[in-house]
$ cat my_file-v5.pdb   # PDB, C-alpha atoms
MODEL        1
ATOM      1  CA  MET A 109     -15.743  29.469  -5.451
ATOM      2  CA  SER A 110     -19.012  31.320  -5.088
ATOM      3  CA  PHE A 111     -20.530  28.512  -3.025
ATOM      4  CA  ALA A 112     -17.946  29.161  -0.302
ATOM      5  CA  THR A 113     -17.944  32.950  -0.473
ATOM      6  CA  HIS A 114     -21.739  33.199  -0.421
ATOM      7  CA  ASN A 115     -22.348  30.863   2.538
ATOM      8  CA  LEU A 116     -23.627  28.047   0.319
ATOM      9  CA  SER A 117     -21.239  25.338   1.529
ATOM     10  CA  SER A 118     -24.140  23.602   3.271
ATOM     11  CA  VAL A 119     -25.411  22.581  -0.191
ATOM     12  CA  PHE A 120     -22.666  19.962  -0.227
ATOM     13  CA  LEU A 121     -23.884  18.469   3.037
ATOM     14  CA  SER A 122     -26.841  16.773   1.376
ATOM     15  CA  PRO A 123     -26.516  13.083   0.438
ATOM     16  CA  LYS A 124     -27.198  13.947  -3.212
ATOM     17  CA  SER A 125     -24.006  15.995  -3.318
ATOM     18  CA  SER A 126     -21.663  13.398  -1.851
ATOM     19  CA  GLY A 127     -20.550  12.123  -5.258
ATOM     20  CA  CYS A 128     -19.442  15.481  -6.554
ATOM     21  CA  LEU A 129     -17.989  16.568  -3.200
ATOM     22  CA  GLU A 130     -15.043  14.182  -3.399
ATOM     23  CA  LEU A 131     -14.298  15.230  -6.971
ATOM     24  CA  MET A 132     -14.533  18.897  -5.999
ATOM     25  CA  MET A 133     -12.151  18.386  -3.048
ATOM     26  CA  GLN A 134      -9.580  16.683  -5.275
ATOM     27  CA  PHE A 135      -9.904  19.441  -7.870
ATOM     28  CA  LEU A 136      -9.448  22.164  -5.239
ATOM     29  CA  LEU A 137      -6.470  20.349  -3.740
ATOM     30  CA  HIS A 138      -4.794  20.025  -7.120
ATOM     31  CA  ALA A 139      -5.478  23.678  -7.951
ATOM     32  CA  CYS A 140      -4.232  25.068  -4.633
ATOM     33  CA  CYS A 141      -0.979  23.108  -4.967
ATOM     34  CA  ASN A 142      -0.259  23.169  -8.694
ATOM     35  CA  HIS A 143      -2.134  25.843 -10.619
ATOM     36  CA  LYS A 144       0.183  28.201 -12.505
ATOM     37  CA  ASP A 145      -1.926  31.234 -11.589
ATOM     38  CA  ILE A 146      -1.013  32.194  -8.020
ATOM     39  CA  LEU A 147      -4.293  34.075  -7.531
ATOM     40  CA  ILE A 148      -6.278  30.936  -8.343
ATOM     41  CA  ARG A 149      -4.169  28.993  -5.872
ATOM     42  CA  LYS A 150      -4.885  31.670  -3.265
ATOM     43  CA  ALA A 151      -8.626  31.482  -3.942
ATOM     44  CA  CYS A 152      -8.581  27.687  -3.567
ATOM     45  CA  VAL A 153      -6.750  27.932  -0.227
ATOM     46  CA  GLN A 154      -9.335  30.475   0.912
ATOM     47  CA  ILE A 155     -12.116  28.064  -0.072
ATOM     48  CA  PHE A 156     -10.563  25.310   2.029
ATOM     49  CA  VAL A 157     -10.242  27.685   4.980
ATOM     50  CA  ARG A 158     -13.879  28.681   4.617
ATOM     51  CA  LEU A 159     -14.989  25.036   4.428
ATOM     52  CA  ILE A 160     -12.970  24.211   7.536
ATOM     53  CA  LYS A 161     -14.646  27.073   9.375
ATOM     54  CA  ASP A 162     -18.106  26.095   8.089
ATOM     55  CA  TRP A 163     -17.912  22.325   8.465
ATOM     56  CA  CYS A 164     -15.706  21.865  11.511
ATOM     57  CA  THR A 165     -17.566  23.806  14.153
ATOM     58  CA  ASP A 166     -18.321  21.014  16.621
ATOM     59  CA  PRO A 167     -15.697  21.008  19.377
ATOM     60  CA  ASN A 168     -16.671  17.428  20.261
ATOM     61  CA  GLY A 169     -15.364  16.236  16.923
ATOM     62  CA  GLU A 170     -18.630  15.272  15.216
ATOM     63  CA  GLU A 171     -18.135  15.794  11.509
ATOM     64  CA  LYS A 172     -20.685  17.429   9.253
ATOM     65  CA  VAL A 173     -18.870  15.810   6.327
ATOM     66  CA  PRO A 174     -17.453  12.393   7.241
ATOM     67  CA  GLY A 175     -13.790  12.172   6.308
ATOM     68  CA  PHE A 176     -13.380  15.898   5.676
ATOM     69  CA  ARG A 177     -11.198  16.498   8.726
ATOM     70  CA  SER A 178      -8.884  13.628   7.780
ATOM     71  CA  PHE A 179      -8.726  14.810   4.171
ATOM     72  CA  ILE A 180      -7.761  18.307   5.277
ATOM     73  CA  VAL A 181      -5.091  17.155   7.706
ATOM     74  CA  GLU A 182      -3.661  14.316   5.612
ATOM     75  CA  ALA A 183      -3.928  15.765   2.096
ATOM     76  CA  PHE A 184      -4.429  19.532   2.153
ATOM     77  CA  ALA A 185      -2.091  20.375   5.032
ATOM     78  CA  THR A 186       0.778  18.240   3.815
ATOM     79  CA  ASN A 187       0.480  18.864   0.073
ATOM     80  CA  CYS A 188      -0.503  22.522   0.024
ATOM     81  CA  CYS A 189       0.945  23.914   3.238
ATOM     82  CA  LEU A 190       4.225  22.025   3.098
ATOM     83  CA  TYR A 191       5.205  20.374  -0.178
ATOM     84  CA  SER A 192       3.906  23.085  -2.507
ATOM     85  CA  VAL A 193       5.794  25.851  -0.683
ATOM     86  CA  LEU A 194       9.012  23.856  -0.798
ATOM     87  CA  ASP A 195       8.839  23.682  -4.571
ATOM     88  CA  LYS A 196      11.327  25.975  -6.313
ATOM     89  CA  SER A 197       8.485  27.494  -8.333
ATOM     90  CA  PHE A 198       7.092  28.994  -5.101
ATOM     91  CA  GLU A 199       8.913  32.323  -5.379
ATOM     92  CA  PHE A 200       9.008  34.378  -2.190
ATOM     93  CA  ARG A 201      10.195  37.460  -4.100
ATOM     94  CA  ASP A 202       6.859  37.651  -5.939
ATOM     95  CA  ALA A 203       4.195  39.806  -4.251
ATOM     96  CA  ASN A 204       1.279  37.530  -5.224
ATOM     97  CA  THR A 205       3.164  34.497  -3.968
ATOM     98  CA  LEU A 206       3.682  36.218  -0.626
ATOM     99  CA  VAL A 207      -0.068  36.839  -0.411
ATOM    100  CA  LEU A 208      -0.685  33.151  -1.169
ATOM    101  CA  PHE A 209       1.875  32.230   1.469
ATOM    102  CA  GLY A 210      -0.016  34.354   3.997
ATOM    103  CA  GLU A 211      -3.203  32.427   3.188
ATOM    104  CA  ILE A 212      -1.345  29.128   3.614
ATOM    105  CA  VAL A 213      -0.059  30.209   7.023
ATOM    106  CA  MET A 214      -3.562  31.345   7.960
ATOM    107  CA  ALA A 215      -4.858  27.918   6.910
ATOM    108  CA  GLN A 216      -2.409  26.283   9.322
ATOM    109  CA  LYS A 217      -3.595  28.535  12.101
ATOM    110  CA  VAL A 218      -7.244  27.701  11.369
ATOM    111  CA  MET A 219      -6.476  23.965  11.211
ATOM    112  CA  TYR A 220      -4.773  24.156  14.584
ATOM    113  CA  GLU A 221      -7.679  26.151  16.032
ATOM    114  CA  LYS A 222     -10.234  23.636  14.735
ATOM    115  CA  PHE A 223      -8.345  20.338  14.969
ATOM    116  CA  GLY A 224      -5.741  20.998  17.666
ATOM    117  CA  ASN A 225      -3.177  18.289  18.136
ATOM    118  CA  PHE A 226      -4.804  16.078  15.480
ATOM    119  CA  PHE A 227      -3.503  18.557  12.901
ATOM    120  CA  LEU A 228      -0.251  19.407  14.609
ATOM    121  CA  LEU A 229       0.835  15.829  15.324
ATOM    122  CA  HIS A 230       0.115  14.651  11.797
ATOM    123  CA  PHE A 231       1.770  17.663  10.166
ATOM    124  CA  VAL A 232       4.902  17.388  12.283
ATOM    125  CA  SER A 233       5.158  13.586  12.587
ATOM    126  CA  LYS A 234       4.250  12.685   8.989
ATOM    127  CA  GLY A 235       5.014  15.719   6.824
ATOM    128  CA  PHE A 236       8.183  17.038   8.434
ATOM    129  CA  PRO A 237      10.083  13.714   8.466
ATOM    130  CA  ASN A 238       9.300  13.270   4.743
ATOM    131  CA  ILE A 239      11.177  16.486   4.015
ATOM    132  CA  HIS A 240      13.976  15.696   6.496
ATOM    133  CA  CYS A 241      13.112  18.587   8.770
ATOM    134  CA  PRO A 242      15.431  18.685  11.801
ATOM    135  CA  GLN A 243      13.703  17.995  15.103
ATOM    136  CA  ASP A 244      14.621  21.386  16.569
ATOM    137  CA  LEU A 245      12.919  23.205  13.662
ATOM    138  CA  ALA A 246       9.836  21.006  14.019
ATOM    139  CA  GLU A 247       9.679  21.838  17.734
ATOM    140  CA  GLN A 248      10.094  25.554  17.009
ATOM    141  CA  TYR A 249       7.249  25.366  14.485
ATOM    142  CA  CYS A 250       4.950  23.753  17.071
ATOM    143  CA  GLN A 251       5.854  26.376  19.640
ATOM    144  CA  LYS A 252       5.331  29.293  17.230
ATOM    145  CA  LEU A 253       1.948  27.982  16.089
ATOM    146  CA  GLN A 254       0.781  27.396  19.649
ATOM    147  CA  ASP A 255       2.091  30.794  20.768
ATOM    148  CA  ASP A 256       0.303  32.491  17.871
ATOM    149  CA  ILE A 257      -2.992  30.873  18.836
ATOM    150  CA  TYR A 258      -2.505  31.892  22.470
ATOM    151  CA  ILE A 259      -1.777  35.510  21.479
ATOM    152  CA  SER A 260      -4.762  35.536  19.135
ATOM    153  CA  LEU A 261      -7.097  34.226  21.834
ATOM    154  CA  ALA A 262      -5.776  36.732  24.365
ATOM    155  CA  ASN A 263      -6.357  39.580  21.913
ATOM    156  CA  CYS A 264      -9.911  38.393  21.273
ATOM    157  CA  LEU A 265     -10.698  39.105  24.908
ATOM    158  CA  LYS A 266     -10.260  42.739  23.864
ATOM    159  CA  PRO A 267     -12.795  43.182  21.017
ATOM    160  CA  ASP A 268     -10.984  46.109  19.437
ATOM    161  CA  LEU A 269      -7.823  43.986  19.072
ATOM    162  CA  CYS A 270      -9.461  40.870  17.681
ATOM    163  CA  TYR A 271      -7.936  41.245  14.232
ATOM    164  CA  GLN A 272      -5.734  38.325  13.261
ATOM    165  CA  GLU A 273      -3.392  39.991  10.750
ATOM    166  CA  ASN A 274      -0.944  41.305  13.343
ATOM    167  CA  ASP A 275      -1.029  38.067  15.310
ATOM    168  CA  ILE A 276      -0.001  36.004  12.317
ATOM    169  CA  LYS A 277       2.996  38.093  11.193
ATOM    170  CA  ALA A 278       5.469  36.343  13.499
ATOM    171  CA  LEU A 279       4.209  32.915  12.465
ATOM    172  CA  LYS A 280       4.395  33.850   8.773
ATOM    173  CA  SER A 281       7.925  35.186   9.163
ATOM    174  CA  PHE A 282       9.039  32.092  11.080
ATOM    175  CA  TYR A 283       7.442  29.681   8.612
ATOM    176  CA  GLN A 284       9.037  31.446   5.639
ATOM    177  CA  SER A 285      12.413  31.191   7.358
ATOM    178  CA  LEU A 286      11.796  27.498   8.067
ATOM    179  CA  ILE A 287      10.890  26.812   4.429
ATOM    180  CA  GLU A 288      13.955  28.682   3.183
ATOM    181  CA  LYS A 289      16.189  26.676   5.555
ATOM    182  CA  LEU A 290      14.634  23.428   4.363
ATOM    183  CA  ARG A 291      15.138  24.434   0.728
ATOM    184  CA  LEU A 292      18.824  25.073   1.390
ATOM    185  CA  GLN A 293      19.133  21.799   3.263
ATOM    186  CA  GLN A 294      17.549  19.750   0.489
ATOM    187  CA  ASN A 295      19.290  21.677  -2.299
ATOM    188  CA  GLY A 296      16.741  20.539  -4.855
ATOM    189  CA  SER A 297      17.069  16.867  -3.950
ATOM    190  CA  LEU A 298      13.421  16.423  -2.984
ATOM    191  CA  VAL A 299      10.701  16.807  -5.577
ATOM    192  CA  PHE A 300       7.075  16.659  -4.478
ATOM    193  CA  ARG A 301       5.300  17.258  -7.778
TER     194      ARG A 301
ENDMDL
END

$ encode --input "my_file-v5.pdb" --output "structure tokens"
Amino acid sequence: MSFATHNLSSVFLSPKSSGCLELMMQFLLHACCNHKDILIRKACVQIFVRLIKDWCTDPNGEEKVPGFRSFIVEAFATNCCLYSVLDKSFEFRDANTLVLFGEIVMAQKVMYEKFGNFFLLHFVSKGFPNIHCPQDLAEQYCQKLQDDIYISLANCLKPDLCYQENDIKALKSFYQSLIEKLRLQQNGSLVFR
């Protein structure tokens, strides 16, 4: 964790680190989806968000870490941001779980900011059908995420309003409602773990 919080993520960009990078990514993915301690899950999500911000800065799509963008969109987004929150053990009445959920929603926002439609299309066209999400809910999710980014960018034109917490509240509320609807719809019939 300290490598991400102390701006040391570039250490993993060297060829010597490539072997342990894949293992570390798998470990973080497993921990952010399955660890029993919610605060550890939250920390792992924060690490992924930091790595996305650090390693995915080129708007032209050149990757600092080959395959990282695909890993994030195909594995992290689907497993952590969708399947793990659908699990019955993800308890919205728990304060720490709500904080984790906020980090997961923030991760989606960051992925959309950095990857645009590459993230959104994969998340909605691959992840949502696997959980039998109705098309209208999928469309509402896309609209809410895009609206949230637009509001956030508009607020950043005013430096004193460039704080993302207020911008993300509507998205967080919508996504929680979407997850709760999907849980009712599936009634425990889908297990992702």

$ residues_around --input "my_file-v5.pdb" --residues "Glu221 in chain A" --least-positions-apart "3" --cutoff "10 Å" --atoms "only C-alpha atoms" --output "ChimeraX atom specification"
/A:161,215-218,224-225,227,253-254,257,261

$ write_last_selection --input "my_file-v5.pdb" --atoms "C-alpha atoms" --output "compact mmCIF listing (two decimals), in the frame of the given file"
# COMPACT_ATOMS: atom_id res chain seq x y z
CA LYS A 161 -14.65 27.07 9.38
CA ALA A 215 -4.86 27.92 6.91
CA GLN A 216 -2.41 26.28 9.32
CA LYS A 217 -3.60 28.54 12.10
CA VAL A 218 -7.24 27.70 11.37
CA GLY A 224 -5.74 21.00 17.67
CA ASN A 225 -3.18 18.29 18.14
CA PHE A 227 -3.50 18.56 12.90
CA LEU A 253 1.95 27.98 16.09
CA GLN A 254 0.78 27.40 19.65
CA ILE A 257 -2.99 30.87 18.84
CA LEU A 261 -7.10 34.23 21.83

$ atom_distance --input "my_file-v5.pdb" --atom1 "CA of Asn187 in chain A" --atom2 "CA of Asp244 in chain A"
21.9 Å

$ atom_distance --input "my_file-v5.pdb" --atom1 "CA of Cys250 in chain A" --atom2 "CA of Cys140 in chain A"
23.6 Å

$ closest_residue --input "my_file-v5.pdb" --among "A:Thr186, A:Asp145, A:His138, A:Ser178" --to "Pro237 in chain A" --atoms "only C-alpha atoms"
A:Thr186

$ atom_distance --input "my_file-v5.pdb" --atom1 "CA of Gln248 in chain A" --atom2 "CA of Leu159 in chain A"
28.1 Å

$ closest_atom_pairs --input "my_file-v5.pdb" --of "range 170-231 of chain A" --to "range 277-293 of chain A" --cutoff "9 Å" --atoms "all atoms listed in the file" --output "CSV"
residue,atom,partner,partner_atom,distance
A:Leu190,CA,A:Ile287,CA,8.3
A:Val193,CA,A:Ile287,CA,7.3
A:Leu194,CA,A:Ile287,CA,6.3
A:Asp195,CA,A:Arg291,CA,8.3
A:Lys196,CA,A:Arg291,CA,8.2
A:Phe200,CA,A:Gln284,CA,8.4
A:Phe209,CA,A:Lys280,CA,7.9
A:Gly210,CA,A:Lys280,CA,6.5
A:Val213,CA,A:Lys280,CA,6.0
A:Met214,CA,A:Lys280,CA,8.4
A:Lys217,CA,A:Leu279,CA,9.0

$ write_last_selection --input "my_file-v5.pdb" --atoms "C-alpha atoms" --output "short mmCIF file (atom, residue, chain, number, x, y, z; two decimals), in the frame of the given file"
data_model
loop_
_atom_site.label_atom_id
_atom_site.label_comp_id
_atom_site.auth_asym_id
_atom_site.auth_seq_id
_atom_site.Cartn_x
_atom_site.Cartn_y
_atom_site.Cartn_z
CA LEU A 190 4.22 22.02 3.10
CA VAL A 193 5.79 25.85 -0.68
CA LEU A 194 9.01 23.86 -0.80
CA ASP A 195 8.84 23.68 -4.57
CA LYS A 196 11.33 25.98 -6.31
CA PHE A 200 9.01 34.38 -2.19
CA PHE A 209 1.88 32.23 1.47
CA GLY A 210 -0.02 34.35 4.00
CA VAL A 213 -0.06 30.21 7.02
CA MET A 214 -3.56 31.34 7.96
CA LYS A 217 -3.60 28.54 12.10
#

$ residues_around --input "my_file-v5.pdb" --residues "range 162-164 of chain A" --least-positions-apart "4" --cutoff "7 Å" --atoms "all atoms listed in the file" --output "PyMOL selection string"
chain A and resi 158+171-173+222

$ residues_around --input "my_file-v5.pdb" --residues "Val153 in chain A" --least-positions-apart "6" --cutoff "9 Å" --atoms "all atoms listed in the file" --output "MDAnalysis selection string"
chainID A and resid 136:137 139:141 188 208 211:212 215

$ write_last_selection --input "my_file-v5.pdb" --atoms "C-alpha atoms" --output "tab-separated table (two decimals), in the coordinates of the input"
chain	number	residue	atom	x	y	z
A	136	LEU	CA	-9.45	22.16	-5.24
A	137	LEU	CA	-6.47	20.35	-3.74
A	139	ALA	CA	-5.48	23.68	-7.95
A	140	CYS	CA	-4.23	25.07	-4.63
A	141	CYS	CA	-0.98	23.11	-4.97
A	188	CYS	CA	-0.50	22.52	0.02
A	208	LEU	CA	-0.68	33.15	-1.17
A	211	GLU	CA	-3.20	32.43	3.19
A	212	ILE	CA	-1.34	29.13	3.61
A	215	ALA	CA	-4.86	27.92	6.91

$ decode --input "my_file-v5.pdb" --residues "range 194-205 of chain A" --atoms "all heavy atoms" --output "compact mmCIF listing (two decimals), in the first residue's frame"
# COMPACT_ATOMS: atom_id res chain seq x y z
N LEU A 194 -22.78 -6.96 -5.35
CA LEU A 194 -24.02 -7.72 -5.43
C LEU A 194 -24.09 -8.84 -4.40
O LEU A 194 -25.16 -9.31 -4.07
CB LEU A 194 -24.17 -8.33 -6.84
CG LEU A 194 -24.66 -7.38 -7.92
CD1 LEU A 194 -24.51 -8.02 -9.28
CD2 LEU A 194 -26.09 -6.95 -7.67
N ASP A 195 -22.94 -9.23 -3.90
CA ASP A 195 -22.88 -10.31 -2.92
C ASP A 195 -23.65 -9.91 -1.66
O ASP A 195 -23.57 -8.76 -1.21
CB ASP A 195 -21.42 -10.63 -2.58
CG ASP A 195 -21.29 -11.92 -1.81
OD1 ASP A 195 -21.36 -11.86 -0.56
OD2 ASP A 195 -21.13 -12.96 -2.45
N LYS A 196 -24.37 -10.86 -1.10
CA LYS A 196 -25.17 -10.59 0.11
C LYS A 196 -24.32 -10.12 1.29
O LYS A 196 -24.80 -9.43 2.17
CB LYS A 196 -25.95 -11.83 0.52
CG LYS A 196 -27.13 -12.13 -0.38
CD LYS A 196 -27.93 -13.28 0.17
CE LYS A 196 -27.59 -14.52 -0.62
NZ LYS A 196 -28.35 -15.70 -0.20
N SER A 197 -23.04 -10.50 1.29
CA SER A 197 -22.17 -10.09 2.39
C SER A 197 -21.84 -8.60 2.34
O SER A 197 -21.33 -8.04 3.30
CB SER A 197 -20.88 -10.91 2.39
OG SER A 197 -20.09 -10.58 1.26
N PHE A 198 -22.10 -7.95 1.22
CA PHE A 198 -21.87 -6.51 1.09
C PHE A 198 -23.07 -5.81 1.71
O PHE A 198 -24.11 -5.65 1.08
CB PHE A 198 -21.69 -6.13 -0.39
CG PHE A 198 -21.00 -4.82 -0.59
CD1 PHE A 198 -19.64 -4.76 -0.75
CD2 PHE A 198 -21.72 -3.63 -0.61
CE1 PHE A 198 -18.98 -3.55 -0.93
CE2 PHE A 198 -21.08 -2.42 -0.79
CZ PHE A 198 -19.71 -2.38 -0.95
N GLU A 199 -22.93 -5.39 2.95
CA GLU A 199 -24.04 -4.91 3.77
C GLU A 199 -24.10 -3.38 3.78
O GLU A 199 -23.27 -2.72 4.41
CB GLU A 199 -23.88 -5.44 5.19
CG GLU A 199 -24.99 -5.08 6.12
CD GLU A 199 -26.36 -5.47 5.59
OE1 GLU A 199 -26.60 -6.67 5.37
OE2 GLU A 199 -27.18 -4.55 5.39
N PHE A 200 -25.10 -2.83 3.10
CA PHE A 200 -25.23 -1.39 3.00
C PHE A 200 -25.58 -0.71 4.32
O PHE A 200 -25.46 0.49 4.45
CB PHE A 200 -26.28 -1.01 1.94
CG PHE A 200 -25.79 -1.18 0.53
CD1 PHE A 200 -26.32 -2.16 -0.29
CD2 PHE A 200 -24.80 -0.36 0.02
CE1 PHE A 200 -25.88 -2.31 -1.59
CE2 PHE A 200 -24.34 -0.50 -1.27
CZ PHE A 200 -24.89 -1.48 -2.09
N ARG A 201 -26.01 -1.46 5.31
CA ARG A 201 -26.34 -0.87 6.61
C ARG A 201 -25.11 -0.67 7.48
O ARG A 201 -25.19 -0.05 8.53
CB ARG A 201 -27.38 -1.73 7.33
CG ARG A 201 -28.76 -1.65 6.65
CD ARG A 201 -29.74 -2.53 7.33
NE ARG A 201 -29.47 -3.89 6.86
CZ ARG A 201 -30.12 -4.96 7.22
NH1 ARG A 201 -31.08 -4.86 8.10
NH2 ARG A 201 -29.81 -6.14 6.74
N ASP A 202 -23.97 -1.17 7.04
CA ASP A 202 -22.72 -1.03 7.79
C ASP A 202 -21.99 0.23 7.33
O ASP A 202 -21.80 0.44 6.12
CB ASP A 202 -21.85 -2.27 7.56
CG ASP A 202 -20.50 -2.15 8.23
OD1 ASP A 202 -20.46 -2.15 9.47
OD2 ASP A 202 -19.50 -2.03 7.49
N ALA A 203 -21.56 1.06 8.27
CA ALA A 203 -20.91 2.33 7.94
C ALA A 203 -19.62 2.13 7.14
O ALA A 203 -19.38 2.85 6.16
CB ALA A 203 -20.62 3.12 9.21
N ASN A 204 -18.79 1.16 7.53
CA ASN A 204 -17.54 0.93 6.79
C ASN A 204 -17.80 0.43 5.38
O ASN A 204 -17.08 0.77 4.45
CB ASN A 204 -16.65 -0.06 7.55
CG ASN A 204 -16.00 0.56 8.76
OD1 ASN A 204 -15.75 1.76 8.80
ND2 ASN A 204 -15.73 -0.25 9.77
N THR A 205 -18.86 -0.36 5.23
CA THR A 205 -19.21 -0.85 3.90
C THR A 205 -19.66 0.30 3.02
O THR A 205 -19.34 0.34 1.83
CB THR A 205 -20.29 -1.94 3.99
OG1 THR A 205 -19.79 -3.01 4.80
CG2 THR A 205 -20.65 -2.48 2.63
